[in-house]
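**Student:** Have a look at this one.
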Amino acid sequence: MTGRHLRIALWVLVAVAALGGILLALQPPAPASRETGMATIGGPFSLTGSDGQPFPSSRLSGKPAAIFFGFTNCPDVCPTTLSRLVKLRRQLGRGDEALSIVFITVDPERDGPAEVGSYAALFGAPVIGLTGSPADIERVKKQFGVFSQKVEQPGGNYSVDHSASVFLMDRDSRFIATLSPEEGDAVALAKIKRLVA
Amino acid sequence: MTRAPAILALLLLASCGQADGPDIRLSNAWARPTIGQAPGAVYVTIDNQGDTPDRLTGAFTDHAAMAMVHQNEMVDGVVRMRMAGEINLPAHDRIEMRPGGTHIMLEGLRAPLRTGDQFDLVLKFRASQDQPIKVRVLGPEGQ
């Protein structure tokens, strides 16, 4: 290869690299969307407390919170999850004030303030029960990326398939992590410890 | 009442070591308290100490309009609760129903379940006789 050929080859390489750079720059910024995805879970909302009064999400700020979406006609998974949260908070040993446990119904047609209130009272420790108009609930579900769907049951009643995750929010109501029913209590407790630290 | 002699006979047979059939023992039946019209869930431990498998086919109680064996499954982070069909009870094995999995759902409770309540539940099996058990309603401390 002569010196001239080599120079041409090098220039071709430079051109290819430059073209690649331009193409990369033109690509939509895909990796950034993951971070915004995390940050957009949650956000301010206004629901109804078990006393029938408006419950703005600002009442949760200043304290970490574990938020769970369920419904009061849910006999197994919902009470299991809320009992688990109460147990984990107890294991934390920092008192009930260290972490708010929040239950938001995905079944506002059946769950009024009285229902979410008496349901939340079944766990022997403070749990905040929230409901709202179907539109309010839809909005909050969207904010948290929660799925739910009614399923007819024999006998005319319905059950609700729904996201089983618990959302851990920090003192500034920023989303930090989820708790899954499948992870062990040790992992869950470690996450909560970090949250209240 | 008429069942007592039959059960006795079965027990006798079992003690002789000649019974090849399933040998079902129920224990630790409990439920959580409920509110209003909401359904309840009962958890039972079923031991099959016999040499052949059996199947749990259903549950009955006078305390609710319907009792159904249910299972939860997680699909993409979403829990679905469905009728379980029959539950297999292998020989010399134990099925321990635990919160978040298989349970007996009570729909149309005659009264909400309160901590400290007890009520009767009967489990039905393919091979074995019906087995009664007392269900205790446990508060958060007892669970």
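Chain lettering (A, B, ...) mirrors the order of the structure tokens, residue numbering begins at 1 for each chain separately, and ligand numbering begins at 1 in order of display.
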I'd like the neighbourhood of region 70-83 of chain B as a PDB file with C-alpha atoms, in the first residue's frame, where a residue qualifies if any of its atoms comes within 6 Å (using only C-alpha atoms), though same-chain residues fewer than 4 positions away should be ignored.

**Tutor:**
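So around_27.pdb came out as:
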ATOM      1  CA  ASP A 161     -56.994  -8.384  39.639  1.00  0.00           C
ATOM      2  CA  HIS A 162     -54.488  -5.729  40.630  1.00  0.00           C
ATOM      3  CA  SER A 163     -50.821  -4.832  40.897  1.00  0.00           C
ATOM      4  CA  ALA A 164     -49.434  -6.415  44.027  1.00  0.00           C
TER       5      ALA A 164
ATOM      6  CA  GLY B 101     -51.421 -18.535  48.113  1.00  0.00           C
ATOM      7  CA  THR B 102     -54.077 -21.226  48.285  1.00  0.00           C
ATOM      8  CA  HIS B 103     -56.986 -20.473  50.599  1.00  0.00           C
ATOM      9  CA  ILE B 104     -60.648 -21.234  51.073  1.00  0.00           C
TER      10      ILE B 104
END

**Student:** So which residues touch Pro99 (chain B) within 12 Å, counting only C-alpha atoms, skipping near sequence neighbours fewer than 5 positions away, as a list in words?

**Tutor:**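 Listing them by chain and then by number gives Cys74, Pro75, Asp76, Val77, Cys78, Pro79, Thr80, Thr81, Leu82, Ser83, Arg84 and Pro181 of chain A; Trp30, Ala31, Arg32, Gly40, Ala41, Val42, Tyr43, Val44, Thr45, His70, Gln71, Asn72, Ile104, Met105 and Gln143 of chain B.
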
**Student:** Next, the residues of the selection above should be written as a CSV table (one decimal), in the first residue's frame with C-alpha atoms.

**Tutor:**
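Dumped to part.csv:
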chain,number,residue,atom,x,y,z
A,74,CYS,CA,-60.0,-8.9,48.8
A,75,PRO,CA,-59.8,-11.7,51.3
A,76,ASP,CA,-56.2,-12.9,50.9
A,77,VAL,CA,-53.5,-10.8,49.1
A,78,CYS,CA,-54.6,-7.4,50.5
A,79,PRO,CA,-54.8,-8.3,54.2
A,80,THR,CA,-51.6,-10.4,53.7
A,81,THR,CA,-49.7,-7.4,52.3
A,82,LEU,CA,-51.0,-4.9,54.9
A,83,SER,CA,-50.3,-7.4,57.8
A,84,ARG,CA,-46.8,-7.8,56.4
A,181,PRO,CA,-44.8,-10.1,47.7
B,30,TRP,CA,-57.7,-20.0,60.9
B,31,ALA,CA,-59.1,-16.9,59.2
B,32,ARG,CA,-58.6,-13.1,59.5
B,40,GLY,CA,-63.1,-14.1,54.2
B,41,ALA,CA,-60.2,-16.4,53.6
B,42,VAL,CA,-59.5,-19.6,55.6
B,43,TYR,CA,-56.1,-21.3,55.8
B,44,VAL,CA,-55.9,-25.0,56.7
B,45,THR,CA,-53.0,-27.4,57.0
B,70,HIS,CA,-58.9,-20.4,45.6
B,71,GLN,CA,-55.4,-19.8,44.4
B,72,ASN,CA,-53.6,-16.6,43.7
B,104,ILE,CA,-60.6,-21.2,51.1
B,105,MET,CA,-62.6,-18.1,50.3
B,143,GLN,CA,-51.5,-14.8,63.0

**Student:** Let me make sure I understand: among A:Gly95, A:Gly124, A:Gly156, A:Gly184, which one has the smallest atom-to-atom distance to Glu107 (chain B) if we use only C-alpha atoms?

**Tutor:**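 Closest to Glu107 (chain B), using only C-alpha atoms: A:Gly156.
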
**Student:** Could you find all residues in chain B that DSSP calls helix (DSSP H, G or I) from the backbone, and write them as a VMD selection string?

**Tutor:** chain B and resid 3 to 16

**Student:** The selected residues should be written to file as an mmCIF file, in the first residue's frame (atoms: N, CA and C atoms).

**Tutor:**
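Result written to out.cif:
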data_model
loop_
_atom_site.group_PDB
_atom_site.id
_atom_site.type_symbol
_atom_site.label_atom_id
_atom_site.label_comp_id
_atom_site.auth_asym_id
_atom_site.auth_seq_id
_atom_site.Cartn_x
_atom_site.Cartn_y
_atom_site.Cartn_z
ATOM 1 N N ARG B 3 -71.390 -40.941 61.839
ATOM 2 C CA ARG B 3 -70.067 -41.029 61.228
ATOM 3 C C ARG B 3 -69.027 -41.584 62.209
ATOM 4 N N ALA B 4 -69.331 -41.376 63.507
ATOM 5 C CA ALA B 4 -68.345 -41.737 64.528
ATOM 6 C C ALA B 4 -67.868 -43.186 64.420
ATOM 7 N N PRO B 5 -68.793 -44.179 64.292
ATOM 8 C CA PRO B 5 -68.310 -45.565 64.210
ATOM 9 C C PRO B 5 -67.423 -45.780 62.993
ATOM 10 N N ALA B 6 -67.790 -45.153 61.894
ATOM 11 C CA ALA B 6 -67.006 -45.327 60.666
ATOM 12 C C ALA B 6 -65.597 -44.780 60.853
ATOM 13 N N ILE B 7 -65.517 -43.597 61.477
ATOM 14 C CA ILE B 7 -64.206 -42.981 61.705
ATOM 15 C C ILE B 7 -63.391 -43.870 62.643
ATOM 16 N N LEU B 8 -64.075 -44.379 63.676
ATOM 17 C CA LEU B 8 -63.405 -45.265 64.625
ATOM 18 C C LEU B 8 -62.827 -46.478 63.897
ATOM 19 N N ALA B 9 -63.670 -47.042 63.037
ATOM 20 C CA ALA B 9 -63.250 -48.223 62.287
ATOM 21 C C ALA B 9 -62.038 -47.902 61.429
ATOM 22 N N LEU B 10 -62.083 -46.743 60.805
ATOM 23 C CA LEU B 10 -60.956 -46.317 59.969
ATOM 24 C C LEU B 10 -59.687 -46.166 60.799
ATOM 25 N N LEU B 11 -59.866 -45.546 61.960
ATOM 26 C CA LEU B 11 -58.715 -45.340 62.839
ATOM 27 C C LEU B 11 -58.130 -46.685 63.259
ATOM 28 N N LEU B 12 -59.020 -47.620 63.577
ATOM 29 C CA LEU B 12 -58.585 -48.960 63.975
ATOM 30 C C LEU B 12 -57.793 -49.601 62.850
ATOM 31 N N LEU B 13 -58.366 -49.510 61.657
ATOM 32 C CA LEU B 13 -57.701 -50.081 60.493
ATOM 33 C C LEU B 13 -56.317 -49.465 60.324
ATOM 34 N N ALA B 14 -56.283 -48.129 60.464
ATOM 35 C CA ALA B 14 -55.022 -47.414 60.276
ATOM 36 C C ALA B 14 -54.005 -47.883 61.307
ATOM 37 N N SER B 15 -54.468 -48.096 62.540
ATOM 38 C CA SER B 15 -53.546 -48.469 63.602
ATOM 39 C C SER B 15 -53.014 -49.881 63.367
ATOM 40 N N CYS B 16 -53.760 -50.694 62.639
ATOM 41 C CA CYS B 16 -53.285 -52.032 62.324
ATOM 42 C C CYS B 16 -52.262 -52.008 61.190
#

**Student:** Between CA of Ala59 (chain B) and CA of Asn28 (chain B), what distance in Å does the model show, to one decimal?

**Tutor:**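 Interatomic distance here is 15.6 Å.
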
**Student:** When you look at Gly85 (chain B) with a cut-off of 9 Å (counting only C-alpha atoms), what residues show up, excluding the ones that are within fewer than 5 positions of it in the same chain? I need them as a PyMOL selection string.

**Tutor:** chain B and resi 56-58+69-70

**Student:** Can you pull out every residue from region 39-171 of chain A that DSSP, working from the backbone, puts in strand (DSSP E or B), and format the result as a ChimeraX atom specification?

**Tutor:** /A:46-49,54-56,65-70,100-105,128-131,148-152,158-163,166-169

**Student:** Pull C-alpha atoms from the residues just selected and write them as a CSV table (one decimal), in the first residue's frame.

**Tutor:**
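As written to disk, out_16.csv reads:
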chain,number,residue,atom,x,y,z
A,46,SER,CA,-56.0,14.4,46.3
A,47,LEU,CA,-58.2,11.6,47.6
A,48,THR,CA,-60.7,11.1,50.4
A,49,GLY,CA,-59.9,9.9,53.9
A,54,PRO,CA,-60.3,15.4,51.3
A,55,PHE,CA,-56.9,13.9,51.8
A,56,PRO,CA,-54.2,15.7,49.9
A,65,ALA,CA,-44.7,6.0,53.3
A,66,ALA,CA,-45.5,2.5,52.0
A,67,ILE,CA,-48.4,2.8,49.6
A,68,PHE,CA,-50.4,-0.3,48.6
A,69,PHE,CA,-53.3,-0.4,46.1
A,70,GLY,CA,-56.0,-3.0,46.9
A,100,SER,CA,-47.0,5.6,57.1
A,101,ILE,CA,-48.8,2.6,55.7
A,102,VAL,CA,-51.3,3.7,53.1
A,103,PHE,CA,-54.1,1.6,51.6
A,104,ILE,CA,-55.7,3.1,48.4
A,105,THR,CA,-58.7,1.2,47.1
A,128,ILE,CA,-54.3,5.1,56.4
A,129,GLY,CA,-57.3,4.0,54.2
A,130,LEU,CA,-58.0,6.2,51.2
A,131,THR,CA,-60.7,6.2,48.5
A,148,SER,CA,-56.5,-3.2,38.0
A,149,GLN,CA,-59.3,-5.1,36.3
A,150,LYS,CA,-62.7,-6.4,37.6
A,151,VAL,CA,-63.3,-10.1,37.2
A,152,GLU,CA,-66.7,-11.6,37.6
A,158,TYR,CA,-66.6,-9.5,41.4
A,159,SER,CA,-63.0,-9.7,42.4
A,160,VAL,CA,-60.3,-7.3,41.2
A,161,ASP,CA,-57.0,-8.4,39.6
A,162,HIS,CA,-54.5,-5.7,40.6
A,163,SER,CA,-50.8,-4.8,40.9
A,166,VAL,CA,-46.0,-1.8,47.5
A,167,PHE,CA,-44.5,1.6,46.6
A,168,LEU,CA,-42.0,3.0,49.0
A,169,MET,CA,-41.8,6.8,49.1

**Student:** Just to confirm, what's the straight-line distance from CA of Ser128 (chain B) to CA of Asp20 (chain B) in Å (one decimal)?

**Tutor:**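 Taking CA of Ser128 (chain B) as the start and CA of Asp20 (chain B) as the end point, the length is 11.7 Å.
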
**Student:** Please provide the set of residues having any atom within 12 Å of Arg139 (chain A), restricted to only C-alpha atoms, with same-chain residues fewer than 4 positions apart removed, written as a ChimeraX atom specification.

**Tutor:** /A:42-47,106,131-135,143-147

**Student:** Could you take the residues named above and write them with C-alpha atoms, as a PDB file, in the first residue's frame?

**Tutor:**
ATOM      1  CA  GLY A  42     -46.142   9.076  42.271  1.00  0.00           C
ATOM      2  CA  GLY A  43     -46.737  12.806  42.333  1.00  0.00           C
ATOM      3  CA  PRO A  44     -49.288  14.939  44.130  1.00  0.00           C
ATOM      4  CA  PHE A  45     -52.828  13.608  44.437  1.00  0.00           C
ATOM      5  CA  SER A  46     -56.005  14.380  46.286  1.00  0.00           C
ATOM      6  CA  LEU A  47     -58.181  11.559  47.600  1.00  0.00           C
ATOM      7  CA  VAL A 106     -58.877   0.350  43.369  1.00  0.00           C
ATOM      8  CA  THR A 131     -60.709   6.231  48.506  1.00  0.00           C
ATOM      9  CA  GLY A 132     -62.042   8.778  46.032  1.00  0.00           C
ATOM     10  CA  SER A 133     -64.273   9.199  43.025  1.00  0.00           C
ATOM     11  CA  PRO A 134     -63.639   6.671  40.236  1.00  0.00           C
ATOM     12  CA  ALA A 135     -61.937   9.489  38.301  1.00  0.00           C
ATOM     13  CA  GLN A 143     -49.565   8.190  38.504  1.00  0.00           C
ATOM     14  CA  PHE A 144     -48.277   4.990  40.109  1.00  0.00           C
ATOM     15  CA  GLY A 145     -48.583   2.775  37.019  1.00  0.00           C
ATOM     16  CA  VAL A 146     -51.040   0.522  38.817  1.00  0.00           C
ATOM     17  CA  PHE A 147     -53.135  -1.948  36.879  1.00  0.00           C
TER      18      PHE A 147
END

**Student:** For each of A:Gly155, A:Ala197, A:Ala190, A:Ser173, take the minimum atom-to-atom distance to chain B, counting only C-alpha atoms, then give the residue where this is smallest.

**Tutor:**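 Closest to chain B of all the choices is A:Gly155.
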
**Student:** Please determine, counting only C-alpha atoms, which residue among A:His5, A:Thr178, A:Ile137, A:Ser61 has the shortest atom-to-atom distance to chain B.

**Tutor:** A:Thr178

**Student:** Taking only C-alpha atoms into account, name the residue in A:Gln53, A:Thr40, A:Lys87, A:Arg94 that is nearest to Lys193 (chain A).

**Tutor:**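 Ranked by minimum distance to Lys193 (chain A), first place goes to A:Arg94.
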
**Student:** For Asp51 (chain B), which residue among B:Ile35, B:Leu89, B:Ala84, B:Leu121 is the nearest when counting only C-alpha atoms?

**Tutor:**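 Result for the nearest residue to Asp51 (chain B): B:Leu89.
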